[in-house]
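Peer 1: I have a structure here, written as structure tokens, and I will follow up with some questions on it.
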Amino acid sequence: MIDNWYATNLNKAEYTKYISTEAGFCGDRSLYSGTGIGTTETHYGTVQRIYSNPHPSLKCVKTEDLYTANDSNKGNKALIYPVGLITGDEVSFAGGKCETVNTKFYLYTNQSFWTMSPFLIYDSASSEFNVRNDGYMYSLSVNAQEGVRPVINLKKDVKLTGDGTASNPYVVI
């Protein structure tokens, strides 16, 4: 689904010259509790970083969890295009908080969306971090139908104008 979105909307020279194929998207499967094997109750690292004790991070501990485009020199090279889903840590950095209604942070759109950050495996159920339409971030069963928030990474030498406010948004130049 996001590959189709990228191919349709961003896979053009006028945009790809700004998009990094080296940076990746961290689907962090580090363990906070449990073994991650079978049906053993397991909580993942993002739970510790943004739920239990809020200290989000942009570091990806395991190379196999760093999703990168297949022509990258880093990560697992599992992606066709350099596009991924937002992580729970990134939502937290943007002002999202677990189990807190928040309509004032810049990612708020009155629409629910998945993150790519796993929350829990228990018995035969799995859940991911999700942001509800009122900005409330929590765990939701992977069986639920929700929107997605595609993200890209800009090259490190890209220049921006603006200050990121609604009246003066960032513009890539």
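Simple scheme: letters A, B, ... for chains in structure tokens order, numbers from 1 for residues in each chain, numbers from 1 for ligands in the order shown.
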Could you give me, as a tab-separated table (two decimals) with N, CA, C and O atoms, in the first residue's frame, the residues within 10 Å of Gly135 of chain A, counting only C-alpha atoms and dropping anything in the same chain fewer than 5 positions from it?
Peer 2:
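Contents of the output file result-v7.tsv:
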```
chain	number	residue	atom	x	y	z
A	91	VAL	N	6.33	9.59	17.02
A	91	VAL	CA	5.08	10.22	17.48
A	91	VAL	C	5.32	10.88	18.84
A	91	VAL	O	4.88	12.01	19.08
A	95	GLY	N	5.21	15.05	20.15
A	95	GLY	CA	4.30	15.54	21.18
A	95	GLY	C	3.21	14.57	21.56
A	95	GLY	O	2.41	14.86	22.44
A	96	GLY	N	3.15	13.40	20.90
A	96	GLY	CA	2.17	12.40	21.26
A	96	GLY	C	2.52	11.75	22.59
A	96	GLY	O	3.70	11.59	22.91
A	97	LYS	N	1.50	11.40	23.35
A	97	LYS	CA	1.72	10.76	24.65
A	97	LYS	C	0.81	9.54	24.76
A	97	LYS	O	-0.32	9.56	24.30
A	98	CYS	N	1.33	8.51	25.39
A	98	CYS	CA	0.53	7.31	25.59
A	98	CYS	C	-0.62	7.58	26.55
A	98	CYS	O	-0.45	8.26	27.56
A	99	GLU	N	-1.77	7.05	26.18
A	99	GLU	CA	-2.99	7.12	26.98
A	99	GLU	C	-3.34	8.55	27.40
A	99	GLU	O	-3.81	8.79	28.51
A	100	THR	N	-3.13	9.50	26.48
A	100	THR	CA	-3.46	10.90	26.73
A	100	THR	C	-4.09	11.49	25.47
A	100	THR	O	-3.48	11.45	24.41
A	101	VAL	N	-5.29	12.01	25.61
A	101	VAL	CA	-5.91	12.71	24.48
A	101	VAL	C	-5.07	13.95	24.20
A	101	VAL	O	-4.73	14.70	25.12
A	102	ASN	N	-4.71	14.16	22.92
A	102	ASN	CA	-3.88	15.31	22.58
A	102	ASN	C	-4.21	15.76	21.16
A	102	ASN	O	-3.81	15.12	20.19
A	103	THR	N	-4.95	16.83	21.05
A	103	THR	CA	-5.30	17.37	19.74
A	103	THR	C	-4.44	18.58	19.40
A	103	THR	O	-4.70	19.27	18.42
A	104	LYS	N	-3.39	18.82	20.18
A	104	LYS	CA	-2.56	20.02	20.00
A	104	LYS	C	-1.18	19.74	19.41
A	104	LYS	O	-0.40	20.65	19.23
A	105	PHE	N	-0.83	18.48	19.14
A	105	PHE	CA	0.50	18.24	18.57
A	105	PHE	C	0.41	18.18	17.05
A	105	PHE	O	-0.64	17.96	16.48
A	106	TYR	N	1.54	18.41	16.38
A	106	TYR	CA	1.47	18.65	14.95
A	106	TYR	C	1.09	17.45	14.10
A	106	TYR	O	0.72	17.61	12.94
A	107	LEU	N	1.12	16.26	14.64
A	107	LEU	CA	0.69	15.09	13.87
A	107	LEU	C	-0.81	14.85	13.97
A	107	LEU	O	-1.35	13.99	13.28
A	108	TYR	N	-1.48	15.61	14.81
A	108	TYR	CA	-2.92	15.43	14.99
A	108	TYR	C	-3.67	15.82	13.70
A	108	TYR	O	-3.48	16.90	13.16
A	109	THR	N	-4.52	14.90	13.23
A	109	THR	CA	-5.31	15.15	12.01
A	109	THR	C	-6.76	14.70	12.16
A	109	THR	O	-7.49	14.70	11.19
A	110	ASN	N	-7.16	14.29	13.36
A	110	ASN	CA	-8.49	13.74	13.60
A	110	ASN	C	-8.70	12.43	12.85
A	110	ASN	O	-9.82	12.06	12.52
A	111	GLN	N	-7.59	11.73	12.55
A	111	GLN	CA	-7.66	10.42	11.90
A	111	GLN	C	-6.76	9.46	12.66
A	111	GLN	O	-5.66	9.83	13.09
A	112	SER	N	-7.22	8.22	12.79
A	112	SER	CA	-6.42	7.19	13.45
A	112	SER	C	-5.39	6.63	12.49
A	112	SER	O	-5.65	6.52	11.30
A	113	PHE	N	-4.22	6.25	13.04
A	113	PHE	CA	-3.20	5.64	12.19
A	113	PHE	C	-2.29	4.72	12.99
A	113	PHE	O	-2.10	4.89	14.19
A	130	ASN	N	-0.68	2.57	18.20
A	130	ASN	CA	-1.63	3.19	17.29
A	130	ASN	C	-1.94	4.58	17.84
A	130	ASN	O	-1.91	4.78	19.05
```
Peer 1: From the DSSP assignment of the backbone, select every residue of chain A that is strand (DSSP E or B), and format the answer as a ChimeraX atom specification.
Peer 2: /A:19,25-26,31-33,42-44,66-67,69,79,84-85,97-98,113-122,125-131,136-141,147,150-151,154,160-161,171-172
Peer 1: Keeping only C-alpha atoms, write those residues as a PDB file, in the first residue's frame.
Peer 2:
```pdb
ATOM      1  CA  ILE A  19      14.928  11.666  -0.439  1.00  0.00           C
ATOM      2  CA  PHE A  25      12.812   3.010   9.363  1.00  0.00           C
ATOM      3  CA  CYS A  26      13.207   1.149  12.641  1.00  0.00           C
ATOM      4  CA  LEU A  31      12.544  -6.935  24.108  1.00  0.00           C
ATOM      5  CA  TYR A  32      11.352  -5.105  27.225  1.00  0.00           C
ATOM      6  CA  SER A  33       9.855  -8.214  28.848  1.00  0.00           C
ATOM      7  CA  THR A  42       6.238 -10.210  25.368  1.00  0.00           C
ATOM      8  CA  HIS A  43       6.480  -6.423  25.491  1.00  0.00           C
ATOM      9  CA  TYR A  44       8.812  -4.668  23.066  1.00  0.00           C
ATOM     10  CA  LEU A  66      16.368  -1.148  10.223  1.00  0.00           C
ATOM     11  CA  TYR A  67      14.218  -1.277   7.097  1.00  0.00           C
ATOM     12  CA  ALA A  69      15.600   0.403   0.403  1.00  0.00           C
ATOM     13  CA  LEU A  79      12.120  -2.224   0.976  1.00  0.00           C
ATOM     14  CA  GLY A  84       8.169   3.452   5.850  1.00  0.00           C
ATOM     15  CA  LEU A  85       5.652   3.991   8.617  1.00  0.00           C
ATOM     16  CA  LYS A  97       1.720  10.758  24.646  1.00  0.00           C
ATOM     17  CA  CYS A  98       0.532   7.306  25.589  1.00  0.00           C
ATOM     18  CA  PHE A 113      -3.202   5.636  12.190  1.00  0.00           C
ATOM     19  CA  TRP A 114      -0.805   2.779  12.846  1.00  0.00           C
ATOM     20  CA  THR A 115       2.817   3.133  13.832  1.00  0.00           C
ATOM     21  CA  MET A 116       5.319   0.437  12.917  1.00  0.00           C
ATOM     22  CA  SER A 117       6.245  -0.093  16.588  1.00  0.00           C
ATOM     23  CA  PRO A 118       5.228  -3.412  18.140  1.00  0.00           C
ATOM     24  CA  PHE A 119       3.657  -3.300  21.602  1.00  0.00           C
ATOM     25  CA  LEU A 120       2.710  -6.780  22.803  1.00  0.00           C
ATOM     26  CA  ILE A 121       2.377 -10.429  21.903  1.00  0.00           C
ATOM     27  CA  TYR A 122       0.183 -12.497  24.216  1.00  0.00           C
ATOM     28  CA  ALA A 125      -2.824 -11.910  19.847  1.00  0.00           C
ATOM     29  CA  SER A 126      -0.455  -9.169  18.738  1.00  0.00           C
ATOM     30  CA  SER A 127      -0.718  -5.411  19.070  1.00  0.00           C
ATOM     31  CA  GLU A 128       1.061  -2.347  17.734  1.00  0.00           C
ATOM     32  CA  PHE A 129       1.214   1.252  18.878  1.00  0.00           C
ATOM     33  CA  ASN A 130      -1.633   3.189  17.292  1.00  0.00           C
ATOM     34  CA  VAL A 131      -2.667   6.834  17.395  1.00  0.00           C
ATOM     35  CA  TYR A 136      -4.502   9.242  22.120  1.00  0.00           C
ATOM     36  CA  MET A 137      -1.608   6.794  21.561  1.00  0.00           C
ATOM     37  CA  TYR A 138      -2.124   3.236  22.759  1.00  0.00           C
ATOM     38  CA  SER A 139      -1.887  -0.448  21.907  1.00  0.00           C
ATOM     39  CA  LEU A 140      -4.309  -1.869  19.367  1.00  0.00           C
ATOM     40  CA  SER A 141      -4.792  -5.393  18.020  1.00  0.00           C
ATOM     41  CA  GLY A 147      -4.924   4.298   8.506  1.00  0.00           C
ATOM     42  CA  PRO A 150       3.941   7.082   5.518  1.00  0.00           C
ATOM     43  CA  VAL A 151       7.255   8.778   6.233  1.00  0.00           C
ATOM     44  CA  LEU A 154      15.393  13.673   3.617  1.00  0.00           C
ATOM     45  CA  LEU A 160      14.754  24.124   4.433  1.00  0.00           C
ATOM     46  CA  THR A 161      13.019  27.455   4.781  1.00  0.00           C
ATOM     47  CA  VAL A 171       9.670  24.109   2.604  1.00  0.00           C
ATOM     48  CA  VAL A 172      12.389  21.964   1.034  1.00  0.00           C
TER      49      VAL A 172
END
```
Peer 1: Considering only C-alpha atoms, return as a compact mmCIF listing (two decimals) with N, CA, C and O atoms, in the first residue's frame whatever protein or nucleic-acid residues lie within 7 Å of Asp28 of chain A, sequence-local ones (same chain, fewer than 5 positions apart) excluded.
Peer 2:
```
# COMPACT_ATOMS: atom_id res chain seq x y z
N GLY A 45 10.61 -3.04 23.11
CA GLY A 45 11.40 -1.91 23.60
C GLY A 45 10.69 -0.58 23.59
O GLY A 45 10.90 0.26 24.47
N CYS A 60 18.30 2.63 16.24
CA CYS A 60 17.81 1.30 15.92
C CYS A 60 18.89 0.30 16.33
O CYS A 60 19.98 0.28 15.74
N ASP A 65 16.36 -4.90 12.05
CA ASP A 65 15.14 -4.12 12.31
C ASP A 65 15.15 -2.76 11.61
O ASP A 65 14.18 -2.03 11.66
N SER A 117 5.63 0.36 15.34
CA SER A 117 6.24 -0.09 16.59
C SER A 117 5.40 -1.16 17.27
O SER A 117 4.27 -0.89 17.68
```
Peer 1: Given the choices A:Lys62, A:His55, A:Lys77, A:Lys156, which gets closest to Asp89 of chain A if the distance is worked out from only C-alpha atoms?
Peer 2: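 Counting only C-alpha atoms, the residue closest to Asp89 of chain A is A:His55.
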Peer 1: Point out the residue among A:Asp123, A:Asp134, A:Glu22, A:Glu41 with the least atom-to-atom distance to Thr68 of chain A, counting only C-alpha atoms.
Peer 2: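 Among the listed residues, A:Glu22 lies closest to Thr68 of chain A.
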Peer 1: Among chain A, which ones does DSSP assign to helix (DSSP H, G or I) (computed from the backbone)? Answer as a list in words.
Peer 2: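 DSSP-assigned helix (DSSP H, G or I) residues in chain A: Ile2, Asp3, Asn4, Trp5, Tyr6, Ala7, Thr8, Asn9, Ala13, Glu14, Tyr15, Thr16, Gly45, Thr46, Val47, Gln48, Arg49, Ile50, Tyr51, Ser52, Thr63, Glu64, Asp65, Gly88, Asp89, Glu90, Val91, Ser92 and Phe93 of chain A.
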Peer 1: For those residues, write C-alpha atoms to a file as a CSV table (one decimal), in the first residue's frame.
Peer 2:
```csv
chain,number,residue,atom,x,y,z
A,2,ILE,CA,2.7,2.6,0.9
A,3,ASP,CA,4.8,1.4,-2.0
A,4,ASN,CA,1.9,2.3,-4.3
A,5,TRP,CA,1.6,5.6,-2.7
A,6,TYR,CA,5.3,6.3,-3.0
A,7,ALA,CA,5.4,5.2,-6.7
A,8,THR,CA,2.4,7.4,-7.5
A,9,ASN,CA,3.3,10.5,-5.5
A,13,ALA,CA,13.1,13.0,-10.1
A,14,GLU,CA,11.8,16.3,-8.8
A,15,TYR,CA,11.2,14.6,-5.4
A,16,THR,CA,13.7,11.7,-5.2
A,45,GLY,CA,11.4,-1.9,23.6
A,46,THR,CA,9.1,0.9,22.5
A,47,VAL,CA,6.9,0.1,25.5
A,48,GLN,CA,9.7,0.9,27.9
A,49,ARG,CA,10.9,4.0,26.0
A,50,ILE,CA,7.5,5.8,25.5
A,51,TYR,CA,4.9,4.1,27.6
A,52,SER,CA,6.4,3.1,30.9
A,63,THR,CA,20.5,-4.0,11.8
A,64,GLU,CA,17.8,-6.5,10.9
A,65,ASP,CA,15.1,-4.1,12.3
A,88,GLY,CA,5.9,5.3,18.2
A,89,ASP,CA,9.1,7.0,19.2
A,90,GLU,CA,8.7,9.6,16.4
A,91,VAL,CA,5.1,10.2,17.5
A,92,SER,CA,6.4,10.8,21.0
A,93,PHE,CA,9.0,13.2,19.8
```
Peer 1: Which is closer to Thr87 of chain A than all the others in A:Thr35, A:Asn73, A:Gly164, A:Ile152, using only C-alpha atoms?
Peer 2: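 Using only C-alpha atoms, Thr87 of chain A sits closest to A:Ile152.
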Peer 1: Between atom CA of Asp163 of chain A and atom CA of Arg132 of chain A, what is the spacing in Å?
Peer 2: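 If I compute the distance from atom CA of Arg132 of chain A to atom CA of Asp163 of chain A, I get 27.0 Å.
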